[in-house]
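J.: Enclosed is the structure file final.txt (compact mmCIF, C-alpha atoms).
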# COMPACT_ATOMS: atom_id res chain seq x y z
CA MET A 7 79.71 108.19 89.73
CA LEU A 8 80.45 105.33 92.10
CA ALA A 9 79.05 102.89 89.56
CA VAL A 10 81.43 104.25 86.90
CA VAL A 11 84.42 103.87 89.23
CA ARG A 12 83.32 100.34 90.11
CA ASP A 13 83.02 99.36 86.46
CA LEU A 14 86.42 100.86 85.68
CA PHE A 15 88.03 98.90 88.51
CA ARG A 16 86.31 95.71 87.34
CA HIS A 17 86.97 95.95 83.60
CA HIS A 18 90.00 98.23 83.23
CA LEU A 19 93.34 96.96 84.53
CA GLU A 20 95.07 100.27 83.70
CA PHE A 21 92.57 102.22 85.80
CA ALA A 22 92.86 99.84 88.77
CA THR A 23 96.66 99.85 88.63
CA GLY A 24 96.84 103.61 88.26
CA ALA A 25 94.39 104.19 91.09
CA ILE A 26 96.39 101.92 93.41
CA LEU A 27 99.68 103.66 92.57
CA VAL A 28 98.24 107.14 93.02
CA GLY A 29 96.51 105.98 96.21
CA ILE A 30 99.86 104.89 97.66
CA VAL A 31 101.38 108.26 96.80
CA VAL A 32 98.44 110.15 98.32
CA ALA A 33 98.66 108.03 101.49
CA MET A 34 102.35 108.90 101.70
CA ALA A 35 101.49 112.59 101.37
CA LEU A 36 98.84 112.39 104.10
CA LEU A 37 101.41 110.98 106.52
CA SER A 38 103.05 114.42 106.52
CA LEU A 39 100.20 115.54 108.79
CA VAL A 40 101.56 113.36 111.62
CA SER A 41 105.28 113.95 111.03
CA PRO A 42 107.29 114.37 114.25
CA TYR A 43 109.68 116.76 112.49
CA PRO A 44 109.02 120.15 110.86
CA PRO A 45 109.90 120.01 107.15
CA GLU A 46 112.29 122.98 107.18
CA VAL A 47 114.35 121.94 110.23
CA ALA A 48 117.67 120.14 109.71
CA TRP A 49 119.97 118.22 112.06
CA VAL A 50 117.17 116.54 113.99
CA VAL A 51 118.53 112.99 113.46
CA PRO A 52 122.04 111.55 112.95
CA PRO A 53 123.16 112.14 109.34
CA ASP A 54 123.95 109.62 106.61
CA LEU A 55 122.40 106.57 108.25
CA PRO A 56 121.35 103.79 105.82
CA PRO A 57 117.79 102.36 105.87
CA SER A 58 117.09 100.50 109.10
CA ALA A 59 114.25 99.66 111.47
CA ALA A 60 114.62 103.05 113.17
CA TYR A 61 114.88 104.95 109.86
CA PRO A 62 113.14 102.94 107.09
CA MET A 63 114.50 105.19 104.33
CA GLY A 64 117.68 106.25 106.08
CA THR A 65 118.73 109.81 106.91
CA THR A 66 120.21 112.60 104.81
CA SER A 67 123.49 114.47 105.11
CA ARG A 68 121.44 117.39 106.46
CA GLY A 69 120.33 115.35 109.46
CA GLN A 70 116.75 114.77 108.24
CA ASP A 71 114.74 111.57 108.30
CA THR A 72 114.33 110.72 104.61
CA PHE A 73 110.93 109.07 105.13
CA TRP A 74 109.31 112.02 106.87
CA GLN A 75 110.99 114.55 104.59
CA LEU A 76 109.66 112.59 101.62
CA THR A 77 106.10 112.83 102.96
CA PHE A 78 106.31 116.64 102.89
CA ALA A 79 108.05 116.62 99.50
CA ILE A 80 105.46 114.44 97.76
CA ARG A 81 102.61 116.38 99.39
CA ASN A 82 103.92 119.69 98.06
CA THR A 83 104.67 118.16 94.66
CA LEU A 84 101.13 116.80 94.42
CA LEU A 85 99.59 120.12 95.48
CA PHE A 86 101.77 121.94 92.99
CA GLY A 87 100.68 119.71 90.12
CA LEU A 88 97.05 119.95 91.14
CA ALA A 89 97.16 123.75 91.44
CA VAL A 90 98.75 124.15 88.00
CA ALA A 91 96.28 121.70 86.44
CA LEU A 92 93.20 123.36 87.93
CA LEU A 93 94.26 126.90 87.07
CA SER A 94 95.22 125.99 83.51
CA ARG A 95 91.93 124.06 83.08
CA LEU A 96 90.00 127.22 83.93
CA ILE A 97 91.86 129.20 81.27
CA ALA A 98 91.52 126.40 78.70
CA LEU A 99 87.79 126.12 79.37
CA LEU A 100 87.21 129.86 79.08
CA VAL A 101 89.18 130.22 75.85
CA GLY A 102 88.04 126.96 74.26
CA LEU A 103 84.33 127.31 74.97
CA LEU A 104 84.11 130.95 73.94
CA ALA A 105 86.16 130.47 70.77
CA GLY A 106 84.18 127.40 69.73
CA TYR A 107 80.76 128.87 70.44
CA LEU A 108 81.18 132.47 69.27
CA GLY A 109 83.35 131.72 66.23
CA GLY A 110 84.19 134.49 63.77
CA PRO A 111 86.51 137.31 64.90
CA VAL A 112 86.44 136.15 68.53
CA ASP A 113 87.55 132.67 67.50
CA ARG A 114 90.34 134.02 65.29
CA ALA A 115 91.60 136.37 68.00
CA LEU A 116 91.55 133.75 70.75
CA MET A 117 93.16 131.10 68.57
CA SER A 118 95.90 133.53 67.54
CA ILE A 119 96.71 134.01 71.23
CA ASN A 120 96.38 130.27 71.77
CA ASP A 121 98.80 129.43 68.95
CA THR A 122 101.31 131.92 70.35
CA PHE A 123 101.37 130.02 73.65
CA VAL A 124 101.66 126.73 71.79
CA VAL A 125 104.93 127.72 70.13
CA VAL A 126 106.44 129.53 73.15
CA PRO A 127 109.43 127.54 74.50
CA LEU A 128 108.31 126.91 78.07
CA PHE A 129 111.54 125.84 79.73
CA PRO A 130 113.62 128.91 78.75
CA ILE A 131 110.74 131.17 79.75
CA LEU A 132 110.56 129.56 83.20
CA VAL A 133 114.33 129.81 83.66
CA LEU A 134 114.17 133.49 82.69
CA PHE A 135 111.30 133.99 85.11
CA TYR A 136 113.45 132.52 87.88
CA PHE A 137 116.32 134.95 87.24
CA VAL A 138 113.96 137.92 87.05
CA MET A 139 111.99 136.95 90.17
CA ARG A 140 114.77 135.26 92.13
CA ASP A 141 114.32 137.39 95.26
CA SER A 142 110.56 136.85 95.36
CA MET A 143 110.35 133.37 93.86
CA SER A 144 107.76 131.22 95.60
CA TRP A 145 105.88 127.96 95.13
CA ALA A 146 102.66 129.83 94.35
CA ALA A 147 104.29 132.20 91.85
CA LEU A 148 105.82 129.33 89.88
CA ALA A 149 102.49 127.47 89.86
CA LEU A 150 100.71 130.57 88.55
CA VAL A 151 103.24 131.12 85.75
CA MET A 152 103.14 127.47 84.69
CA ALA A 153 99.34 127.51 84.68
CA CYS A 154 99.38 130.57 82.41
CA LEU A 155 101.71 128.75 80.02
CA GLY A 156 100.15 125.28 80.04
CA TRP A 157 96.60 125.68 78.77
CA ALA A 158 96.92 126.17 75.01
CA TYR A 159 96.85 122.57 73.71
CA ASP A 160 93.76 121.66 75.73
CA ALA A 161 91.96 124.90 74.83
CA ARG A 162 92.15 123.94 71.15
CA LEU A 163 90.75 120.49 71.97
CA ILE A 164 87.86 122.02 73.93
CA ARG A 165 87.25 124.48 71.08
CA SER A 166 86.80 121.64 68.60
CA ILE A 167 84.12 120.06 70.81
CA ALA A 168 82.39 123.40 71.32
CA MET A 169 82.30 123.99 67.56
CA SER A 170 80.47 120.70 67.04
CA LEU A 171 78.01 121.56 69.82
CA ARG A 172 77.25 124.96 68.33
CA SER A 173 75.25 123.45 65.46
CA ARG A 174 73.26 121.00 67.60
CA GLU A 175 69.51 121.40 67.96
CA PHE A 176 69.63 121.91 71.72
CA THR A 177 71.94 124.91 71.21
CA GLU A 178 69.52 126.48 68.75
CA THR A 179 66.67 125.82 71.17
CA ALA A 180 68.64 127.51 73.96
CA ILE A 181 69.24 130.56 71.74
CA PHE A 182 65.56 130.84 70.80
CA SER A 183 64.58 130.52 74.45
CA GLY A 184 66.57 133.66 75.26
CA MET A 185 69.54 132.14 77.11
CA THR A 186 72.64 134.31 77.21
CA THR A 187 76.04 133.22 75.92
CA ARG A 188 77.24 132.58 79.46
CA GLU A 189 74.23 130.41 80.22
CA ILE A 190 74.57 128.40 77.00
CA VAL A 191 78.29 127.82 77.50
CA THR A 192 78.05 126.87 81.18
CA ARG A 193 74.74 124.98 81.24
CA GLU A 194 74.54 123.39 77.80
CA HIS A 195 78.12 122.93 76.54
CA LEU A 196 80.22 122.57 79.69
CA PRO A 197 78.85 119.10 80.66
CA TYR A 198 79.96 117.72 77.27
CA VAL A 199 83.58 118.82 77.69
CA LEU A 200 84.04 117.88 81.36
CA PRO A 201 85.14 114.28 80.58
CA ILE A 202 87.90 115.68 78.37
CA VAL A 203 88.81 118.14 81.11
CA PHE A 204 89.18 115.34 83.68
CA SER A 205 91.47 113.40 81.38
CA THR A 206 93.63 116.36 80.42
CA THR A 207 93.91 117.37 84.08
CA LEU A 208 95.85 114.18 84.81
CA ASN A 209 98.14 114.71 81.83
CA ASN A 210 98.70 118.32 82.83
CA MET A 211 99.60 117.25 86.37
CA ASN A 212 102.26 114.93 84.96
CA TRP A 213 103.60 117.72 82.75
CA SER A 214 103.73 120.32 85.54
CA ILE A 215 105.22 117.94 88.12
CA GLY A 216 107.89 116.80 85.68
CA LEU A 217 108.81 120.38 84.80
CA GLU A 218 108.88 121.43 88.45
CA VAL A 219 111.16 118.52 89.35
CA THR A 220 113.50 119.42 86.49
CA LEU A 221 113.66 123.09 87.48
CA SER A 222 114.16 122.26 91.16
CA VAL A 223 116.95 119.77 90.50
CA LEU A 224 118.76 122.48 88.52
CA GLY A 225 118.19 125.01 91.30
CA PHE A 226 115.85 127.25 89.28
CA THR A 227 113.07 127.32 91.90
CA SER A 228 112.69 128.22 95.54
CA ILE A 229 114.58 125.63 97.63
CA SER A 230 112.86 126.65 100.85
CA THR A 231 109.74 124.56 100.14
CA PRO A 232 110.43 120.80 100.17
CA THR A 233 109.40 119.04 96.98
CA ILE A 234 110.70 115.95 95.20
CA GLY A 235 112.89 118.14 93.01
CA VAL A 236 114.25 120.07 96.01
CA MET A 237 115.12 116.82 97.79
CA ILE A 238 117.11 115.67 94.76
CA TYR A 239 118.70 119.12 94.53
CA TRP A 240 120.03 118.90 98.10
CA ALA A 241 121.19 115.34 97.48
CA ASN A 242 123.19 116.55 94.47
CA GLN A 243 124.61 119.44 96.47
CA HIS A 244 125.93 116.94 99.02
CA THR A 245 127.15 114.55 96.25
CA ALA A 246 124.97 111.81 97.69
CA LEU A 247 125.67 109.25 94.97
CA VAL A 248 129.43 109.77 95.15
CA ALA A 249 129.31 109.45 98.94
CA GLY A 250 127.24 106.26 98.70
CA ILE A 251 124.09 107.81 100.19
CA TRP A 252 121.94 106.28 97.44
CA TRP A 253 118.72 106.26 99.46
CA TRP A 254 118.56 110.06 99.45
CA ILE A 255 117.92 109.98 95.70
CA ALA A 256 116.50 106.49 95.15
CA PHE A 257 113.37 106.83 97.28
CA PRO A 258 112.26 110.27 95.97
CA VAL A 259 112.86 109.14 92.38
CA ALA A 260 110.96 105.88 92.92
CA LEU A 261 107.99 107.70 94.45
CA VAL A 262 107.71 110.32 91.74
CA VAL A 263 108.04 107.66 89.02
CA MET A 264 105.21 105.77 90.74
CA LEU A 265 103.15 108.97 90.60
CA PHE A 266 103.94 109.52 86.91
CA ILE A 267 102.95 105.98 85.98
CA GLY A 268 99.77 106.11 88.09
CA LEU A 269 98.58 109.41 86.58
CA PHE A 270 99.43 108.21 83.07
CA LEU A 271 97.47 104.99 83.49
CA LEU A 272 94.48 106.87 84.89
CA ALA A 273 94.58 109.28 81.94
CA VAL A 274 94.75 106.38 79.46
CA ALA A 275 91.82 104.67 81.19
CA LEU A 276 89.70 107.83 81.14
CA ASN A 277 90.52 108.46 77.48
CA GLU A 278 89.29 104.98 76.60
CA PHE A 279 86.22 105.39 78.80
CA ILE A 280 85.30 108.63 77.03
CA ASP A 281 85.35 106.81 73.66
CA PRO A 282 82.06 104.80 73.50
CA ARG A 283 83.52 102.15 71.17
CA SER A 284 86.50 101.49 73.44
CA ARG A 285 84.25 101.43 76.49
CA LEU A 286 81.86 98.89 74.98
CA THR A 287 84.69 96.65 73.81
CA ARG A 288 86.45 96.81 77.17
CA MET A 289 83.31 96.05 79.16
CA GLY A 290 82.17 93.22 76.95
CA GLY A 291 79.50 95.05 74.99
CA GLY A 292 81.24 95.25 71.63
CA ALA A 293 80.68 93.08 68.65
CA ALA A 294 82.59 89.83 68.54
Show me the file's structure as structure tokens.
T.:
Amino acid sequence: MLAVVRDLFRHHLEFATGAILVGIVVAMALLSLVSPYPPEVAWVVPPDLPPSAAYPMGTTSRGQDTFWQLTFAIRNTLLFGLAVALLSRLIALLVGLLAGYLGGPVDRALMSINDTFVVVPLFPILVLFYFVMRDSMSWAALALVMACLGWAYDARLIRSIAMSLRSREFTETAIFSGMTTREIVTREHLPYVLPIVFSTTLNNMNWSIGLEVTLSVLGFTSISTPTIGVMIYWANQHTALVAGIWWWIAFPVALVVMLFIGLFLLAVALNEFIDPRSRLTRMGGGAA
């Protein structure tokens, strides 16, 4: 594993750039562990101060240090994206592997459900969910709903790989040896789809983070948990741009854009690494 990462850093500029950008964002998130201010407390510093030596990213109209508030916001945003990606990967793996291996009626039934989720308009559903669950809306509830809505595209991709593996000799050998469906899917087929899962996890994190930021900015999520979207929401509520408090919006936007670009570059790099022809060409092993 370390050798793969080393080769990607050496031969893949997109991977190195993406890893550095994501590393900066993660380091920013880890700083929340040593913050001198609780994330939910306001009026702890003078409001509306521009960036300075004392306050590198200025202060907000709510009397919060923008830098330290941003550390909590990016940490929660990262955890949100990761939680949605992991939960949706589990559903995609279960549906994709079973549909591809079992085929027949099971495949048709699972793909009918899958195609239903593909065509469902996600944004209106999430807005409706907010109005229905407004009194009990939470970070975890939104992550669970988004995970249940964001697995369908990747499940179909995993299914296509599982269908090709079903006719391989090692699958037939596993069947003749008496292995159960669960054992064949988890032991024989799962290792072949994991590279795809890693790549789609990064794309799904970008999707879920972008949707959460959009919903939060519009006020359709819980505003009690600081995230990048919630920070921008409060800035809009205090008309930060009109009042000239540009740093309240500029720094959160810059950080989340850095995260988007970093995750995208990592996903592109992993997609190319999965393809043997691209990998050989990139690392100097292809034909001239």
J.: Excluding same-chain residues fewer than 5 positions from Ala158 in chain A, what lies within 7 Å of it counting all atoms listed in the file, as a PyMOL selection string?
T.: chain A and resi 98+120+123-124
J.: Considering all atoms listed in the file, state which residue in the set A:Ser214, A:Ser67, A:Thr179, A:Ser205 is at the smallest distance from Leu93 in chain A.
T.: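 Under the stated criterion, the closest residue is A:Ser214.
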J.: Looking at A:Asp160, A:Asp113, A:Asp13, A:Glu175, which one is nearest to Val199 in chain A, with distances taken over all atoms listed in the file?
T.: A:Asp160
J.: Tell me, as a list in words, which residues lie within 6 Å of range 36-49 of chain A, counting all atoms listed in the file; anything in the same chain fewer than 5 positions away does not count.
T.: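 Using all atoms listed in the file, the neighbours found are Arg68, Gly69, Gln70, Thr77 and Phe78 of chain A.
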J.: Near Thr245 in chain A, counting all atoms listed in the file, which residues have an atom at most 12 Å away, once you skip same-chain residues fewer than 3 positions from it, shown as a ChimeraX atom specification?
T.: /A:54,66-67,238-242,248-252,254-255
J.: When distances are computed from all atoms listed in the file, which of A:Thr233, A:Asn277, A:Ser183, A:Asn82 shows the smallest separation from Val219 in chain A?
T.: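 Counting all atoms listed in the file, the residue closest to Val219 in chain A is A:Thr233.
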J.: Go through A:Met34, A:Pro56, A:Ile280, A:Ala161 one by one, measure the shortest atom-to-atom distance of each to Leu76 in chain A using all atoms listed in the file, and give the residue with the smallest value.
T.: A:Met34
J.: Rank nothing, just name the residue among A:Ile202, A:Ala25, A:Val11, A:Val223 nearest to Ser166 in chain A, using all atoms listed in the file.
T.: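 Among A:Ile202, A:Ala25, A:Val11, A:Val223, it is A:Ile202 that comes nearest to Ser166 in chain A.
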J.: Check the smallest atom-to-atom distance from each of A:Trp145, A:Ile267, A:Thr65, A:Val203 to Leu85 in chain A using only C-alpha atoms, then report the winner.
T.: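 So, comparing all the options, the nearest one is A:Trp145.
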J.: Do you have the CA of Arg165 in chain A-CA of Glu178 in chain A distance handy?
T.: 18.0 Å
J.: Write out as a compact mmCIF listing (two decimals) with C-alpha atoms, keeping the file's coordinate frame the residues lying within 8 Å of Thr207 in chain A, counting all atoms listed in the file and excluding same-chain residues fewer than 5 positions away.
T.:
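Saved result, part.txt, follows:
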# COMPACT_ATOMS: atom_id res chain seq x y z
CA ALA A 91 96.28 121.70 86.44
CA LEU A 92 93.20 123.36 87.93
CA ARG A 95 91.93 124.06 83.08
J.: Interatomic distance between CA of Leu104 in chain A and CA of Leu171 in chain A?
T.: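 Separation of CA of Leu104 in chain A and CA of Leu171 in chain A: 11.9 Å.
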J.: One number please: CA of Val274 in chain A to CA of Leu27 in chain A, in Å, one decimal.
T.: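 Result for CA of Val274 in chain A versus CA of Leu27 in chain A: 14.3 Å, one decimal.
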